[in-house]
>>> print(open('coords_10.csv').read())   # CSV, C-alpha atoms
chain,number,residue,atom,x,y,z
N,1,MET,CA,4.5,20.8,-5.2
N,2,SER,CA,2.6,17.9,-6.6
N,3,CYS,CA,3.6,14.4,-5.6
N,4,HIS,CA,3.9,11.8,-8.3
N,5,ILE,CA,2.7,8.3,-7.7
N,6,LYS,CA,4.4,5.3,-9.4
N,7,SER,CA,3.8,1.6,-9.1
N,8,ILE,CA,6.3,-1.0,-7.9
N,9,LYS,CA,6.8,-3.7,-10.6
N,10,LYS,CA,9.9,-5.7,-9.7
N,11,ARG,CA,9.7,-8.7,-7.4
N,12,ALA,CA,13.0,-7.7,-5.8
N,13,ASP,CA,11.4,-4.4,-4.6
N,14,PHE,CA,8.5,-6.3,-3.0
N,15,VAL,CA,10.9,-8.7,-1.3
N,16,ASN,CA,13.1,-5.9,-0.1
N,17,LEU,CA,10.1,-4.1,1.4
N,18,SER,CA,8.9,-7.2,3.2
N,19,THR,CA,12.3,-8.0,4.7
N,20,LYS,CA,13.7,-4.6,5.5
N,21,GLY,CA,10.5,-2.5,5.9
N,22,ILE,CA,8.0,-1.9,8.6
N,23,SER,CA,4.4,-3.2,8.5
N,24,SER,CA,1.1,-2.5,10.1
N,25,PRO,CA,-1.7,-5.2,10.0
N,26,GLN,CA,-5.2,-3.9,9.9
N,27,LYS,CA,-8.6,-5.6,9.7
N,28,GLY,CA,-8.9,-5.2,5.9
N,29,LEU,CA,-5.3,-5.0,4.7
N,30,VAL,CA,-1.6,-5.0,5.7
N,31,LEU,CA,0.6,-2.0,4.9
N,32,GLN,CA,4.3,-2.4,4.5
N,33,SER,CA,6.6,0.6,4.0
N,34,ARG,CA,10.2,1.5,3.6
N,35,SER,CA,12.0,4.7,2.9
N,36,ASN,CA,13.2,5.2,-0.7
N,37,ILE,CA,16.4,7.1,-0.9
N,38,VAL,CA,16.3,9.6,-3.8
N,39,GLU,CA,19.2,11.6,-5.2
N,40,SER,CA,17.0,14.1,-7.1
N,41,ASN,CA,14.5,16.7,-5.9
N,42,ASN,CA,11.6,14.8,-7.3
N,43,LYS,CA,8.9,13.9,-4.8
N,44,PHE,CA,7.2,10.6,-5.5
N,45,ILE,CA,5.4,7.7,-3.8
N,46,ARG,CA,5.8,4.2,-5.1
N,47,PHE,CA,3.2,1.6,-4.2
N,48,GLY,CA,2.5,-2.1,-5.0
N,49,VAL,CA,-0.5,-4.3,-4.3
N,50,THR,CA,-0.4,-8.1,-3.7
N,51,ALA,CA,-2.9,-10.8,-2.8
N,52,THR,CA,-1.9,-14.4,-2.1
N,53,LYS,CA,-3.7,-17.6,-3.1
N,54,LYS,CA,-4.9,-17.9,0.5
N,55,ILE,CA,-7.4,-15.1,-0.2
N,56,GLY,CA,-9.3,-17.0,-2.8
N,57,ASN,CA,-9.5,-17.8,-6.5
N,58,ALA,CA,-8.3,-15.5,-9.3
N,59,VAL,CA,-11.6,-13.5,-9.4
N,60,VAL,CA,-11.5,-12.8,-5.7
N,61,ARG,CA,-7.7,-11.9,-5.8
N,62,ASN,CA,-8.1,-9.5,-8.8
N,63,LYS,CA,-11.1,-7.8,-7.2
N,64,CYS,CA,-9.1,-7.3,-4.0
N,65,LYS,CA,-6.2,-5.9,-5.9
N,66,ARG,CA,-8.4,-3.5,-7.9
N,67,LYS,CA,-9.9,-2.2,-4.6
N,68,LEU,CA,-6.5,-1.7,-3.0
N,69,ARG,CA,-5.1,0.0,-6.1
N,70,ALA,CA,-8.0,2.5,-6.2
N,71,LEU,CA,-7.5,3.0,-2.4
N,72,ALA,CA,-3.8,3.7,-2.8
N,73,LYS,CA,-4.2,6.2,-5.5
N,74,ASP,CA,-6.8,8.1,-3.5
N,75,ILE,CA,-5.2,8.0,0.0
N,76,LEU,CA,-1.5,7.8,-0.4
N,77,VAL,CA,-1.3,11.0,-2.4
N,78,LEU,CA,-3.2,12.9,0.3
N,79,TYR,CA,-1.8,11.4,3.5
N,80,ALA,CA,1.5,9.5,2.9
N,81,LYS,CA,5.0,10.8,3.1
N,82,GLU,CA,6.9,11.3,-0.1
N,83,ASN,CA,9.9,9.3,-1.1
N,84,ASN,CA,8.6,6.1,0.5
N,85,ASP,CA,7.6,2.8,-0.9
N,86,TYR,CA,4.3,1.2,0.1
N,87,VAL,CA,2.9,-2.3,-0.4
N,88,LEU,CA,-0.7,-3.1,0.4
N,89,ILE,CA,-1.4,-6.7,1.0
N,90,ALA,CA,-5.0,-8.0,0.7
N,91,ARG,CA,-6.4,-10.1,3.6
N,92,SER,CA,-9.3,-12.5,3.6
N,93,THR,CA,-11.6,-9.7,4.8
N,94,THR,CA,-10.6,-7.3,2.0
N,95,TYR,CA,-13.1,-8.7,-0.6
N,96,ASP,CA,-16.2,-8.1,1.5
N,97,ARG,CA,-15.0,-5.0,3.3
N,98,ASN,CA,-16.6,-1.6,2.5
N,99,MET,CA,-14.3,0.9,0.7
N,100,SER,CA,-14.9,3.5,3.5
N,101,LEU,CA,-13.7,1.0,6.1
N,102,LEU,CA,-10.7,0.1,3.9
N,103,LYS,CA,-9.9,3.8,3.6
N,104,LEU,CA,-9.9,4.1,7.4
N,105,ASP,CA,-7.7,1.0,7.7
N,106,LEU,CA,-5.1,2.5,5.4
N,107,ILE,CA,-5.1,5.9,7.2
N,108,ASN,CA,-4.8,4.2,10.6
N,109,ALA,CA,-1.9,2.1,9.3
N,110,LEU,CA,-0.1,5.2,8.0
N,111,LYS,CA,-0.7,6.9,11.4
N,112,GLU,CA,0.5,3.8,13.3
N,113,LEU,CA,3.7,3.7,11.3
N,114,LYS,CA,4.1,7.5,11.6
N,115,LEU,CA,4.1,8.0,7.9
N,116,THR,CA,1.5,10.7,7.5
N,117,LYS,CA,2.4,14.2,6.2
>>> encode(input="coords_10.csv", output="structure tokens")
Amino acid sequence: MSCHIKSIKKRADFVNLSTKGISSPQKGLVLQSRSNIVESNNKFIRFGVTATKKIGNAVVRNKCKRKLRALAKDILVLYAKENNDYVLIARSTTYDRNMSLLKLDLINALKELKLTK
């Protein structure tokens, strides 16, 4: 009954999520989500991470994305509903925010969107 985690790679999937999905802004991140219709019995979660140039230079953006990727792999498997797509968007506060606070931000966003198991 394990849930597989995959990453979203195509730009079309990111755009689809931002236009047709739901979102929850938090202090350290923004969570976007959308149901992913699956024909098979496989349970999986797809996630993507993004950081715009407003956040800072490449070093800052990459650090933020690494933090959000690690966070997603830890938290989404435990708390998120299967067969959904999730995108975590870095905010200007993500770089300096403690990982434990980012963890709470993500859990609160999942609860706010009613996407917890």
>>> closest_residue(input="coords_10.csv", among="N:His4, N:Lys114, N:Lys20, N:Arg91", to="N:Ala51", atoms="only C-alpha atoms")
N:Arg91
>>> closest_atom_pairs(input="coords_10.csv", of="stretch 75-96 of chain N", to="stretch 26-31 of chain N", cutoff="6 Å", atoms="all atoms listed in the file", output="Markdown table")
| residue | atom | partner | partner_atom | distance |
| --- | --- | --- | --- | --- |
| N:Val87 | CA | N:Leu31 | CA | 5.8 |
| N:Leu88 | CA | N:Leu31 | CA | 4.8 |
| N:Ile89 | CA | N:Val30 | CA | 5.0 |
| N:Ala90 | CA | N:Leu29 | CA | 5.0 |
| N:Arg91 | CA | N:Leu29 | CA | 5.3 |
| N:Thr93 | CA | N:Gly28 | CA | 5.4 |
| N:Thr94 | CA | N:Gly28 | CA | 4.7 |
>>> closest_residue(input="coords_10.csv", among="N:Ser92, N:Lys6, N:Leu102, N:Arg97", to="N:Lys43", atoms="all atoms listed in the file")
N:Lys6
>>> residues_around(input="coords_10.csv", residues="N:Ile5", least_positions_apart="5", cutoff="9 Å", atoms="only C-alpha atoms", output="ChimeraX atom specification")
/N:43-47,73,76-77
>>> residues_around(input="coords_10.csv", residues="N:Lys111", least_positions_apart="3", cutoff="12 Å", atoms="only C-alpha atoms", output="list in words")
Ser23, Ser24, Gln26, Leu31, Leu76, Tyr79, Ala80, Lys81, Leu104, Asp105, Leu106, Ile107, Asn108, Lys114, Leu115, Thr116 and Lys117 of chain N
>>> atom_distance(input="coords_10.csv", atom1="atom CA of N:Ala109", atom2="atom CA of N:Asn62")
22.4 Å
>>> atom_distance(input="coords_10.csv", atom1="atom CA of N:Val60", atom2="atom CA of N:Val15")
23.2 Å
>>> closest_residue(input="coords_10.csv", among="N:Lys65, N:Ala72, N:Ile22, N:Glu82", to="N:Asn42", atoms="all atoms listed in the file")
N:Glu82
>>> atom_distance(input="coords_10.csv", atom1="atom CA of N:Asp13", atom2="atom CA of N:Asp96")
28.5 Å
>>> closest_residue(input="coords_10.csv", among="N:Asn57, N:Met99, N:Pro25, N:Asn16", to="N:Arg69", atoms="all atoms listed in the file")
N:Met99
>>> closest_residue(input="coords_10.csv", among="N:Leu113, N:Ile8, N:Val49, N:Cys3", to="N:Arg61", atoms="all atoms listed in the file")
N:Val49
>>> residues_around(input="coords_10.csv", residues="N:Gly21", least_positions_apart="5", cutoff="8 Å", atoms="only C-alpha atoms", output="list in words")
Asn16, Gln32, Ser33, Arg34 and Ser35 of chain N
>>> write_last_selection(input="coords_10.csv", atoms="C-alpha atoms", output="PDB file, in the frame of the given file")
ATOM      1  CA  ASN N  16      13.100  -5.900  -0.100  1.00  0.00           C
ATOM      2  CA  GLN N  32       4.300  -2.400   4.500  1.00  0.00           C
ATOM      3  CA  SER N  33       6.600   0.600   4.000  1.00  0.00           C
ATOM      4  CA  ARG N  34      10.200   1.500   3.600  1.00  0.00           C
ATOM      5  CA  SER N  35      12.000   4.700   2.900  1.00  0.00           C
TER       6      SER N  35
END
>>> closest_residue(input="coords_10.csv", among="N:Ala12, N:Leu110, N:Asn36, N:Ser7", to="N:Asn83", atoms="all atoms listed in the file")
N:Asn36
>>> axis_aligned_box(input="coords_10.csv", around="stretch 18-36 of chain N", padding_each_side="3 Å", output="AutoDock Vina command-line options")
--center_x 2.4 --center_y -1.4 --center_z 4.7 --size_x 28.6 --size_y 19.2 --size_z 16.8
